[in-house]
$ cat input.cif   # mmCIF, C-alpha atoms
data_final
loop_
_atom_site.group_PDB
_atom_site.id
_atom_site.type_symbol
_atom_site.label_atom_id
_atom_site.label_comp_id
_atom_site.auth_asym_id
_atom_site.auth_seq_id
_atom_site.Cartn_x
_atom_site.Cartn_y
_atom_site.Cartn_z
ATOM 1 C CA MET W 58 2.835 5.592 -0.448
ATOM 2 C CA LYS W 59 3.855 8.864 1.110
ATOM 3 C CA PHE W 60 1.324 11.125 2.767
ATOM 4 C CA GLU W 61 0.973 14.929 2.885
ATOM 5 C CA GLY W 62 1.510 15.489 -0.774
ATOM 6 C CA TYR W 63 0.925 14.270 -4.314
ATOM 7 C CA TYR W 64 2.581 11.984 -6.836
ATOM 8 C CA VAL W 65 2.517 13.831 -10.149
ATOM 9 C CA LEU W 66 1.945 11.151 -12.808
ATOM 10 C CA HIS W 67 1.154 13.108 -15.981
ATOM 11 C CA LEU W 68 1.266 16.781 -16.930
ATOM 12 C CA ASN W 69 -1.488 17.222 -19.545
ATOM 13 C CA PRO W 70 -4.044 16.682 -18.195
ATOM 14 C CA LEU W 71 -2.369 17.154 -14.837
ATOM 15 C CA THR W 72 -2.882 13.796 -13.143
ATOM 16 C CA VAL W 73 -1.877 13.256 -9.527
ATOM 17 C CA ALA W 74 -2.188 10.492 -6.951
ATOM 18 C CA GLN W 75 -2.578 10.880 -3.229
ATOM 19 C CA SER W 76 -2.956 8.542 -0.276
ATOM 20 C CA GLY W 77 -5.576 9.811 2.111
ATOM 21 C CA ARG W 78 -6.703 13.416 2.150
ATOM 22 C CA PRO W 79 -3.829 15.949 2.535
ATOM 23 C CA GLN W 80 -4.448 18.119 5.581
ATOM 24 C CA ALA W 81 -3.263 21.422 4.138
ATOM 25 C CA PRO W 82 -5.322 23.451 1.654
ATOM 26 C CA ARG W 83 -5.054 22.286 -1.940
ATOM 27 C CA PRO W 84 -1.942 23.851 -3.549
ATOM 28 C CA ALA W 85 -2.470 26.528 -6.186
ATOM 29 C CA TRP W 86 -0.960 24.361 -8.933
ATOM 30 C CA LEU W 87 -3.783 21.824 -8.462
ATOM 31 C CA LYS W 88 -6.025 23.816 -10.775
ATOM 32 C CA PRO W 89 -9.379 23.056 -12.396
ATOM 33 C CA GLY W 90 -8.860 20.378 -15.011
ATOM 34 C CA THR W 91 -6.717 18.258 -12.691
ATOM 35 C CA VAL W 92 -7.391 14.541 -12.342
ATOM 36 C CA VAL W 93 -6.921 13.190 -8.805
ATOM 37 C CA LEU W 94 -6.461 9.482 -8.122
ATOM 38 C CA GLU W 95 -7.093 8.969 -4.408
ATOM 39 C CA HIS W 96 -5.761 5.742 -2.920
ATOM 40 C CA THR W 97 -7.676 4.719 0.168
ATOM 41 C CA ALA W 98 -5.836 4.090 3.421
ATOM 42 C CA TRP W 99 -8.783 2.220 4.990
ATOM 43 C CA PHE W 100 -11.494 -0.193 3.876
ATOM 44 C CA GLN W 101 -14.294 1.756 2.183
ATOM 45 C CA GLY W 102 -16.710 -1.069 1.428
ATOM 46 C CA TYR W 103 -19.751 0.313 3.267
ATOM 47 C CA TRP W 104 -22.832 1.821 1.641
ATOM 48 C CA LEU W 105 -22.727 5.088 3.563
ATOM 49 C CA LYS W 106 -19.006 5.577 2.961
ATOM 50 C CA MET W 107 -19.373 4.916 -0.733
ATOM 51 C CA LEU W 108 -22.370 7.238 -1.015
ATOM 52 C CA GLY W 109 -20.153 9.833 0.671
ATOM 53 C CA TRP W 110 -17.539 9.329 -2.048
ATOM 54 C CA ARG W 111 -20.185 9.804 -4.721
ATOM 55 C CA ALA W 112 -21.176 13.112 -3.150
ATOM 56 C CA GLU W 113 -17.510 14.106 -2.820
ATOM 57 C CA GLN W 114 -16.862 13.422 -6.489
ATOM 58 C CA ALA W 115 -19.841 15.577 -7.416
ATOM 59 C CA ARG W 116 -18.574 18.372 -5.155
ATOM 60 C CA LEU W 117 -15.078 18.273 -6.659
ATOM 61 C CA ALA W 118 -16.497 18.157 -10.191
ATOM 62 C CA LYS W 119 -18.099 21.562 -9.561
ATOM 63 C CA GLN W 120 -14.564 22.831 -8.826
ATOM 64 C CA GLY W 121 -13.240 21.324 -12.041
ATOM 65 C CA ILE W 122 -11.467 18.418 -10.336
ATOM 66 C CA GLU W 123 -12.037 14.917 -11.701
ATOM 67 C CA HIS W 124 -11.736 12.515 -8.770
ATOM 68 C CA HIS W 125 -11.103 8.755 -8.995
ATOM 69 C CA LEU W 126 -11.331 6.439 -5.986
ATOM 70 C CA ILE W 127 -8.565 3.805 -6.138
ATOM 71 C CA VAL W 128 -9.397 0.893 -3.834
ATOM 72 C CA ASN W 129 -7.612 -2.229 -2.599
ATOM 73 C CA ASP W 130 -10.430 -4.708 -2.058
ATOM 74 C CA PRO W 131 -12.693 -6.314 -4.720
ATOM 75 C CA HIS W 132 -15.754 -5.745 -2.528
ATOM 76 C CA GLU W 133 -15.017 -2.015 -2.529
ATOM 77 C CA GLU W 134 -14.752 -1.998 -6.315
ATOM 78 C CA ARG W 135 -18.058 -3.825 -6.770
ATOM 79 C CA LEU W 136 -19.862 -1.453 -4.416
ATOM 80 C CA ALA W 137 -18.311 1.601 -6.076
ATOM 81 C CA ARG W 138 -19.501 0.443 -9.489
ATOM 82 C CA TRP W 139 -22.982 -0.305 -8.160
ATOM 83 C CA LEU W 140 -23.293 3.194 -6.707
ATOM 84 C CA GLY W 141 -21.683 5.044 -9.600
ATOM 85 C CA VAL W 142 -18.438 6.057 -7.901
ATOM 86 C CA ARG W 143 -15.657 6.645 -10.429
ATOM 87 C CA GLY W 144 -12.527 4.565 -9.809
ATOM 88 C CA THR W 145 -10.983 1.133 -9.974
ATOM 89 C CA LEU W 146 -9.194 -1.595 -8.026
ATOM 90 C CA ILE W 147 -5.416 -1.094 -8.002
ATOM 91 C CA SER W 148 -3.438 -2.000 -4.901
ATOM 92 C CA ASN W 149 -1.518 0.824 -3.269
ATOM 93 C CA SER W 150 1.360 -1.665 -3.187
ATOM 94 C CA VAL W 151 2.265 -0.417 -6.690
ATOM 95 C CA TYR W 152 4.424 2.192 -4.965
ATOM 96 C CA THR W 153 6.452 -0.371 -3.007
ATOM 97 C CA ASP W 154 10.161 -0.423 -3.839
ATOM 98 C CA GLU W 155 10.948 -4.024 -4.766
ATOM 99 C CA LYS W 156 14.681 -3.261 -4.710
ATOM 100 C CA VAL W 157 14.557 -2.435 -1.001
ATOM 101 C CA PHE W 158 12.148 -5.223 -0.053
ATOM 102 C CA SER W 159 13.994 -8.249 -1.389
ATOM 103 C CA PRO W 160 15.396 -11.532 -0.005
ATOM 104 C CA HIS W 161 18.866 -12.158 1.337
ATOM 105 C CA GLU W 162 19.322 -15.916 1.252
ATOM 106 C CA SER W 163 22.192 -15.766 3.754
ATOM 107 C CA GLN W 164 20.106 -13.911 6.353
ATOM 108 C CA ARG W 165 20.043 -15.707 9.699
ATOM 109 C CA LYS W 166 16.510 -16.416 10.922
ATOM 110 C CA ASP W 167 16.586 -15.555 14.628
ATOM 111 C CA LEU W 168 12.945 -14.462 14.965
ATOM 112 C CA ASP W 169 9.832 -16.625 14.818
ATOM 113 C CA ALA W 170 7.742 -13.698 13.617
ATOM 114 C CA VAL W 171 7.792 -9.953 13.129
ATOM 115 C CA TYR W 172 4.735 -7.715 13.272
ATOM 116 C CA ILE W 173 4.972 -4.277 11.642
ATOM 117 C CA ALA W 174 2.100 -2.371 13.175
ATOM 118 C CA LYS W 175 1.455 1.020 14.661
ATOM 119 C CA LEU W 176 0.171 1.207 18.224
ATOM 120 C CA ALA W 177 -3.553 1.120 17.542
ATOM 121 C CA SER W 178 -6.219 -1.193 18.912
ATOM 122 C CA PHE W 179 -7.354 -2.408 15.473
ATOM 123 C CA LYS W 180 -3.915 -4.009 14.992
ATOM 124 C CA ARG W 181 -4.714 -6.508 17.804
ATOM 125 C CA HIS W 182 -1.147 -6.930 19.092
ATOM 126 C CA VAL W 183 -2.371 -9.227 21.864
ATOM 127 C CA LEU W 184 -2.887 -11.977 19.281
ATOM 128 C CA ALA W 185 0.919 -12.218 19.051
ATOM 129 C CA SER W 186 1.363 -12.681 22.800
ATOM 130 C CA ARG W 187 2.096 -16.434 22.635
ATOM 131 C CA ILE W 188 4.961 -16.131 20.143
ATOM 132 C CA ALA W 189 8.301 -16.559 21.893
ATOM 133 C CA LYS W 190 10.839 -14.996 19.506
ATOM 134 C CA LEU W 191 8.843 -11.988 18.431
ATOM 135 C CA ALA W 192 9.670 -8.537 17.104
ATOM 136 C CA ILE W 193 7.116 -5.747 16.822
ATOM 137 C CA ILE W 194 8.075 -2.722 14.768
ATOM 138 C CA THR W 195 6.002 0.379 15.405
ATOM 139 C CA MET W 196 5.747 3.728 13.673
ATOM 140 C CA GLU W 197 6.169 5.443 17.022
ATOM 141 C CA GLY W 198 9.420 3.684 17.911
ATOM 142 C CA ARG W 199 8.533 3.493 21.606
ATOM 143 C CA GLY W 200 5.733 2.751 24.050
ATOM 144 C CA LEU W 201 4.961 -0.848 23.080
ATOM 145 C CA SER W 202 5.070 -2.308 26.612
ATOM 146 C CA ALA W 203 2.741 0.332 28.007
ATOM 147 C CA PHE W 204 0.344 -0.017 25.088
ATOM 148 C CA CYS W 205 0.153 -3.834 25.160
ATOM 149 C CA PRO W 206 1.846 -5.487 28.171
ATOM 150 C CA ALA W 207 1.010 -8.940 26.734
ATOM 151 C CA VAL W 208 3.763 -8.486 24.135
ATOM 152 C CA SER W 209 6.294 -6.714 26.354
ATOM 153 C CA HIS W 210 8.738 -9.557 25.677
ATOM 154 C CA ALA W 211 8.976 -8.611 22.005
ATOM 155 C CA GLU W 212 12.037 -6.989 20.513
ATOM 156 C CA THR W 213 11.085 -3.557 19.240
ATOM 157 C CA ASN W 214 12.527 -0.364 17.821
ATOM 158 C CA SER W 215 13.402 2.743 19.827
ATOM 159 C CA ARG W 216 13.154 5.129 16.852
ATOM 160 C CA ASN W 217 11.487 5.314 13.470
ATOM 161 C CA LEU W 218 13.156 2.982 10.988
ATOM 162 C CA THR W 219 13.978 3.428 7.317
ATOM 163 C CA ASN W 220 12.450 1.063 4.774
ATOM 164 C CA ARG W 221 15.794 -0.730 4.482
ATOM 165 C CA GLU W 222 15.884 -1.289 8.233
ATOM 166 C CA VAL W 223 12.314 -2.595 8.195
ATOM 167 C CA ALA W 224 13.272 -4.998 5.403
ATOM 168 C CA GLU W 225 16.154 -6.278 7.550
ATOM 169 C CA PHE W 226 13.712 -7.131 10.339
ATOM 170 C CA ILE W 227 11.425 -8.942 7.897
ATOM 171 C CA ARG W 228 14.297 -11.067 6.599
ATOM 172 C CA ARG W 229 15.262 -12.085 10.149
ATOM 173 C CA ALA W 230 11.843 -13.694 10.679
ATOM 174 C CA HIS W 231 10.379 -17.022 9.592
ATOM 175 C CA CYS W 232 7.107 -15.167 8.952
ATOM 176 C CA THR W 233 5.362 -11.847 9.435
ATOM 177 C CA LEU W 234 1.976 -11.163 11.012
ATOM 178 C CA ALA W 235 -1.190 -9.438 9.807
ATOM 179 C CA LEU W 236 -3.638 -9.470 12.708
ATOM 180 C CA SER W 237 -6.209 -6.743 12.052
ATOM 181 C CA ALA W 238 -9.769 -7.599 11.084
ATOM 182 C CA THR W 239 -10.204 -4.451 8.985
ATOM 183 C CA GLU W 240 -7.795 -1.861 7.577
ATOM 184 C CA GLY W 241 -6.476 -0.886 4.147
ATOM 185 C CA GLY W 242 -4.196 -2.782 1.791
ATOM 186 C CA MET W 243 -1.560 -3.229 4.546
ATOM 187 C CA LEU W 244 1.698 -2.479 2.771
ATOM 188 C CA ALA W 245 3.730 -4.423 5.335
ATOM 189 C CA SER W 246 2.035 -7.640 4.253
ATOM 190 C CA PHE W 247 3.065 -7.192 0.617
ATOM 191 C CA GLU W 248 6.553 -6.023 1.609
ATOM 192 C CA SER W 249 6.961 -9.331 3.427
ATOM 193 C CA LEU W 250 6.078 -11.286 0.278
ATOM 194 C CA LEU W 251 8.605 -9.286 -1.747
ATOM 195 C CA CYS W 252 11.214 -10.340 0.826
ATOM 196 C CA GLY W 253 10.202 -13.967 0.303
ATOM 197 C CA VAL W 254 8.798 -14.232 3.833
ATOM 198 C CA PRO W 255 5.325 -15.802 4.325
ATOM 199 C CA VAL W 256 2.499 -14.095 6.208
ATOM 200 C CA ILE W 257 0.308 -15.397 9.035
ATOM 201 C CA SER W 258 -2.973 -13.495 8.780
ATOM 202 C CA THR W 259 -6.378 -13.453 10.385
ATOM 203 C CA PRO W 260 -9.498 -13.141 8.182
ATOM 204 C CA SER W 261 -9.649 -9.531 7.026
ATOM 205 C CA ARG W 262 -11.292 -6.817 4.973
ATOM 206 C CA GLY W 263 -9.190 -4.238 3.175
ATOM 207 C CA GLY W 264 -7.381 -6.066 0.412
ATOM 208 C CA ARG W 265 -4.198 -7.576 1.815
ATOM 209 C CA ASP W 266 -5.416 -11.106 1.045
ATOM 210 C CA LEU W 267 -5.533 -10.201 -2.654
ATOM 211 C CA PHE W 268 -1.953 -11.478 -2.883
ATOM 212 C CA TYR W 269 -2.197 -14.563 -0.681
ATOM 213 C CA ARG W 270 -1.609 -18.068 -2.001
ATOM 214 C CA SER W 271 -1.401 -21.410 -0.228
ATOM 215 C CA PHE W 272 2.417 -21.317 -0.346
ATOM 216 C CA ASN W 273 2.952 -17.720 0.831
ATOM 217 C CA SER W 274 0.457 -17.298 3.651
ATOM 218 C CA LYS W 275 -1.821 -18.936 6.181
ATOM 219 C CA ILE W 276 -5.114 -17.449 7.347
ATOM 220 C CA VAL W 277 -6.054 -18.462 10.894
ATOM 221 C CA GLU W 278 -8.665 -17.602 13.480
ATOM 222 C CA PRO W 279 -8.013 -14.539 15.683
ATOM 223 C CA ASP W 280 -6.844 -16.481 18.726
ATOM 224 C CA ALA W 281 -3.382 -16.075 20.297
ATOM 225 C CA GLU W 282 -2.814 -19.831 20.655
ATOM 226 C CA VAL W 283 -3.885 -20.508 17.064
ATOM 227 C CA VAL W 284 -1.649 -17.722 15.749
ATOM 228 C CA ALA W 285 1.320 -19.061 17.718
ATOM 229 C CA ALA W 286 0.706 -22.596 16.434
ATOM 230 C CA ALA W 287 0.672 -21.335 12.840
ATOM 231 C CA VAL W 288 3.948 -19.481 13.412
ATOM 232 C CA THR W 289 5.515 -22.642 14.846
ATOM 233 C CA GLU W 290 4.316 -24.660 11.866
ATOM 234 C CA VAL W 291 5.768 -22.207 9.333
ATOM 235 C CA SER W 292 9.028 -21.879 11.277
ATOM 236 C CA GLY W 293 9.513 -25.631 11.168
ATOM 237 C CA ARG W 294 9.286 -26.126 7.419
ATOM 238 C CA THR W 295 11.279 -25.115 4.369
ATOM 239 C CA VAL W 296 9.872 -22.081 2.608
ATOM 240 C CA ASP W 297 10.399 -21.406 -1.093
ATOM 241 C CA THR W 298 11.654 -17.842 -0.788
ATOM 242 C CA GLN W 299 12.097 -17.328 -4.517
ATOM 243 C CA LEU W 300 8.614 -18.609 -5.367
ATOM 244 C CA ILE W 301 7.066 -16.204 -2.851
ATOM 245 C CA ARG W 302 9.179 -13.351 -4.206
ATOM 246 C CA SER W 303 8.585 -14.084 -7.908
ATOM 247 C CA THR W 304 4.816 -14.398 -7.393
ATOM 248 C CA ALA W 305 4.739 -11.058 -5.561
ATOM 249 C CA LEU W 306 6.727 -9.445 -8.378
ATOM 250 C CA ALA W 307 4.296 -10.811 -10.959
ATOM 251 C CA ASP W 308 1.355 -9.434 -8.952
ATOM 252 C CA LEU W 309 3.117 -6.084 -8.608
ATOM 253 C CA GLN W 310 3.750 -5.905 -12.355
ATOM 254 C CA ARG W 311 0.126 -6.761 -13.109
ATOM 255 C CA HIS W 312 -1.189 -3.950 -10.891
ATOM 256 C CA ARG W 313 1.345 -1.446 -12.232
ATOM 257 C CA GLU W 314 0.375 -2.274 -15.798
ATOM 258 C CA LYS W 315 -3.305 -1.822 -14.954
ATOM 259 C CA TYR W 316 -2.478 1.495 -13.253
ATOM 260 C CA CYS W 317 -0.631 2.805 -16.308
ATOM 261 C CA GLU W 318 -3.397 1.623 -18.652
ATOM 262 C CA TYR W 319 -5.937 3.436 -16.473
ATOM 263 C CA ILE W 320 -3.957 6.698 -16.572
ATOM 264 C CA SER W 321 -3.389 6.295 -20.316
ATOM 265 C CA LYS W 322 -7.142 6.035 -20.915
ATOM 266 C CA ILE W 323 -7.655 9.218 -18.900
ATOM 267 C CA SER W 324 -5.097 11.057 -21.051
ATOM 268 C CA ARG W 325 -6.807 9.860 -24.249
ATOM 269 C CA ARG W 326 -10.282 10.832 -23.028
ATOM 270 C CA HIS W 327 -9.161 14.330 -22.007
ATOM 271 C CA LYS W 328 -7.521 14.906 -25.407
ATOM 272 C CA GLY W 329 -4.419 16.324 -23.781
ATOM 273 C CA GLU W 330 -0.985 14.828 -24.342
ATOM 274 C CA PHE W 331 -1.587 11.123 -24.929
ATOM 275 C CA ALA W 332 0.578 8.905 -22.717
ATOM 276 C CA ALA W 333 0.990 5.279 -23.754
ATOM 277 C CA PRO W 334 0.955 2.688 -20.935
ATOM 278 C CA ASP W 335 4.574 1.628 -21.529
ATOM 279 C CA GLN W 336 5.646 5.274 -21.522
ATOM 280 C CA LEU W 337 3.944 5.804 -18.184
ATOM 281 C CA MET W 338 5.484 2.630 -16.802
ATOM 282 C CA SER W 339 9.003 3.877 -17.527
ATOM 283 C CA ARG W 340 8.258 7.349 -16.166
ATOM 284 C CA ILE W 341 6.488 6.356 -12.962
ATOM 285 C CA PHE W 342 8.081 3.070 -11.948
ATOM 286 C CA ALA W 343 11.568 3.305 -13.399
ATOM 287 C CA PRO W 344 14.297 2.340 -10.900
ATOM 288 C CA PRO W 345 15.938 3.369 -8.747
ATOM 289 C CA ALA W 346 13.409 5.855 -7.327
ATOM 290 C CA ILE W 347 10.114 3.956 -8.001
ATOM 291 C CA ALA W 348 7.926 7.082 -8.197
ATOM 292 C CA GLN W 349 9.597 8.799 -5.242
ATOM 293 C CA GLY W 350 11.083 11.378 -7.609
ATOM 294 C CA LEU W 351 7.539 12.326 -8.596
ATOM 295 C CA PHE W 352 6.328 13.162 -5.097
ATOM 296 C CA VAL W 353 5.537 16.827 -4.456
ATOM 297 C CA ASP W 354 5.007 18.008 -0.898
ATOM 298 C CA GLN W 355 1.682 19.761 -0.389
ATOM 299 C CA SER W 356 3.509 22.865 0.922
ATOM 300 C CA LEU W 357 5.336 23.561 -2.362
ATOM 301 C CA ALA W 358 4.070 26.467 -4.415
ATOM 302 C CA GLN W 359 4.780 24.798 -7.737
ATOM 303 C CA ILE W 360 5.762 21.472 -9.270
ATOM 304 C CA PRO W 361 9.584 21.187 -9.150
ATOM 305 C CA ASP W 362 11.478 21.319 -12.452
ATOM 306 C CA SER W 363 12.949 17.867 -11.725
ATOM 307 C CA VAL W 364 9.461 16.359 -11.799
ATOM 308 C CA VAL W 365 8.546 18.204 -14.996
ATOM 309 C CA ARG W 366 11.733 16.959 -16.696
ATOM 310 C CA ARG W 367 11.107 13.349 -15.679
ATOM 311 C CA LEU W 368 7.553 13.453 -17.032
ATOM 312 C CA SER W 369 8.619 15.181 -20.240
ATOM 313 C CA HIS W 370 10.918 12.380 -21.426
#
$ encode --input "input.cif" --output "structure tokens"
Amino acid sequence: MKFEGYYVLHLNPLTVAQSGRPQAPRPAWLKPGTVVLEHTAWFQGYWLKMLGWRAEQARLAKQGIEHHLIVNDPHEERLARWLGVRGTLISNSVYTDEKVFSPHESQRKDLDAVYIAKLASFKRHVLASRIAKLAIITMEGRGLSAFCPAVSHAETNSRNLTNREVAEFIRRAHCTLALSATEGGMLASFESLLCGVPVISTPSRGGRDLFYRSFNSKIVEPDAEVVAAAVTEVSGRTVDTQLIRSTALADLQRHREKYCEYISKISRRHKGEFAAPDQLMSRIFAPPAIAQGLFVDQSLAQIPDSVVRRLSH
């Protein structure tokens, strides 16, 4: 998902989605009566955090904003229900473009593993230090060696990459890595599965393991030698790329359908313009844009006519 703005999903009632809290003041077109679906960028499964969300929803309700917390991890959903926080479990991977993240069977595998991870301590780059043919793709596009000398041998990027370029790196690897103990849904993990590339993960909280199966991933202890051994094992066997891809697509479809059903129920309850789930599916997730044509930057003074037209058909 994009940050610093809103995906406009329905016009009446105005229903928008956001990932994380936009930094700028709320735009004027986000008026009382708006429904906000907030996708979490980090694991929220703690009592104090969830109590904070309950208070936040009460605060926004006084302003006429109906807030829904959209989480990635089943533990978060259970805790939210227990504490009366409005929301549901729908992976933020619903916004991933499956046309960009797809396999190329002829792709040469010249990397043992690729790790797509910003330069932050929670990503635990050092756990990849024993992997010989390694690539680490960062958001910053520089500074990897200074940040973590243990992986200075890794191939890396010198600039920010497009999604298509990231997908090319994934396809070059026998597997990708997911080494944090806690974060959010980790889009890079699901993007790997859409490319038909298995994931080597450590035990985690945040929801990425929601899509793991015995044939598309391996969860190992957070030890550099153990991680390297798992990479070697995966690199040495035949992987069913199409099975990994088709399973990820089925999971993606399931979450998108649940998302559209959830929004449809909101439209019915508000007695605005009813939107059927299949209607929402075609509006929000129709190729080739996959919701990108519905994104409105937080700096815009009004919803663009192009977005209104797409949601009016």
$ closest_residue --input "input.cif" --among "W:Val353, W:Ile341, W:Leu250, W:Ile323" --to "Ser369 of chain W" --atoms "all atoms listed in the file"
W:Ile341
$ residues_around --input "input.cif" --residues "Leu267 of chain W" --least-positions-apart "4" --cutoff "12 Å" --atoms "only C-alpha atoms" --output "list in words"
Val128, Asn129, Asp130, Pro131, His132, Leu146, Ile147, Ser148, Asn149, Ser150, Gly241, Gly242, Met243, Leu244, Ser246, Phe247, Pro260, Ser261, Arg262, Gly263, Asn273, Ser274, Ala305, Asp308, Leu309 and His312 of chain W
$ closest_residue --input "input.cif" --among "W:Val208, W:Cys317, W:Ala170, W:Met196" --to "Glu290 of chain W" --atoms "only C-alpha atoms"
W:Ala170
$ closest_residue --input "input.cif" --among "W:Phe342, W:Phe272, W:Tyr63, W:Tyr319" --to "Asp154 of chain W" --atoms "all atoms listed in the file"
W:Phe342
$ resolve_selection --input "input.cif" --expression "the PyMOL selection byres ((chain W and resi 184-188) around 6)" --output "mmCIF file with C-alpha atoms, in the coordinates of the input"
data_model
loop_
_atom_site.group_PDB
_atom_site.id
_atom_site.type_symbol
_atom_site.label_atom_id
_atom_site.label_comp_id
_atom_site.auth_asym_id
_atom_site.auth_seq_id
_atom_site.Cartn_x
_atom_site.Cartn_y
_atom_site.Cartn_z
ATOM 1 C CA ARG W 181 -4.714 -6.508 17.804
ATOM 2 C CA HIS W 182 -1.147 -6.930 19.092
ATOM 3 C CA VAL W 183 -2.371 -9.227 21.864
ATOM 4 C CA ALA W 189 8.301 -16.559 21.893
ATOM 5 C CA LEU W 191 8.843 -11.988 18.431
ATOM 6 C CA ALA W 207 1.010 -8.940 26.734
ATOM 7 C CA VAL W 208 3.763 -8.486 24.135
ATOM 8 C CA ALA W 281 -3.382 -16.075 20.297
ATOM 9 C CA ALA W 285 1.320 -19.061 17.718
#
$ resolve_selection --input "input.cif" --expression "the PyMOL selection byres ((chain W and resi 121) around 8)" --output "mmCIF file with C-alpha atoms, in the coordinates of the input"
data_model
loop_
_atom_site.group_PDB
_atom_site.id
_atom_site.type_symbol
_atom_site.label_atom_id
_atom_site.label_comp_id
_atom_site.auth_asym_id
_atom_site.auth_seq_id
_atom_site.Cartn_x
_atom_site.Cartn_y
_atom_site.Cartn_z
ATOM 1 C CA LYS W 88 -6.025 23.816 -10.775
ATOM 2 C CA PRO W 89 -9.379 23.056 -12.396
ATOM 3 C CA GLY W 90 -8.860 20.378 -15.011
ATOM 4 C CA THR W 91 -6.717 18.258 -12.691
ATOM 5 C CA LEU W 117 -15.078 18.273 -6.659
ATOM 6 C CA ALA W 118 -16.497 18.157 -10.191
ATOM 7 C CA LYS W 119 -18.099 21.562 -9.561
ATOM 8 C CA GLN W 120 -14.564 22.831 -8.826
ATOM 9 C CA ILE W 122 -11.467 18.418 -10.336
ATOM 10 C CA GLU W 123 -12.037 14.917 -11.701
#
$ closest_residue --input "input.cif" --among "W:Ser215, W:Ser324, W:Thr233, W:Gln355" --to "Gly253 of chain W" --atoms "all atoms listed in the file"
W:Thr233
$ residues_around --input "input.cif" --residues "Gln310 of chain W" --least-positions-apart "4" --cutoff "10 Å" --atoms "all atoms listed in the file" --output "PyMOL selection string"
chain W and resi 151+304-306+314-316+338+342
$ resolve_selection --input "input.cif" --expression "the PyMOL selection byres ((chain W and resi 358) around 12)" --output "NGL selection string"
:W and (62 or 82-87 or 353-357 or 359-361)
$ residues_around --input "input.cif" --residues "segment 216-228 of chain W" --least-positions-apart "3" --cutoff "12 Å" --atoms "all atoms listed in the file" --output "PyMOL selection string"
chain W and resi 58+153-175+191-201+212-213+231-234+244-256+298
$ closest_residue --input "input.cif" --among "W:Arg326, W:Glu113, W:Val277, W:Phe268" --to "Arg302 of chain W" --atoms "all atoms listed in the file"
W:Phe268
$ atom_distance --input "input.cif" --atom1 "atom CA of Ala98 of chain W" --atom2 "atom CA of Pro279 of chain W"
22.4 Å
$ axis_aligned_box --input "input.cif" --around "segment 177-186 of chain W" --padding-each-side "5 Å" --output "AutoDock Vina command-line options"
--center_x -3.0 --center_y -5.8 --center_z 18.9 --size_x 18.7 --size_y 23.8 --size_z 17.8
$ atom_distance --input "input.cif" --atom1 "atom CA of Arg138 of chain W" --atom2 "atom CA of Pro334 of chain W"
23.5 Å
$ residues_near_point --input "input.cif" --point "(5.0, 13.7, -4.9)" --cutoff "9 Å" --atoms "all atoms listed in the file" --output "NGL selection string"
:W and (59-66 or 73-75 or 348-355 or 360 or 364)
$ atom_distance --input "input.cif" --atom1 "atom CA of Val288 of chain W" --atom2 "atom CA of Tyr152 of chain W"
28.4 Å
$ closest_residue --input "input.cif" --among "W:Ile127, W:Ala211, W:Ala112, W:Leu236" --to "Gly141 of chain W" --atoms "all atoms listed in the file"
W:Ala112
$ residues_around --input "input.cif" --residues "segment 103-105 of chain W" --least-positions-apart "5" --cutoff "10 Å" --atoms "all atoms listed in the file" --output "list in words"
Trp110, Arg111, His132, Glu133, Leu136, Ala137 and Leu140 of chain W
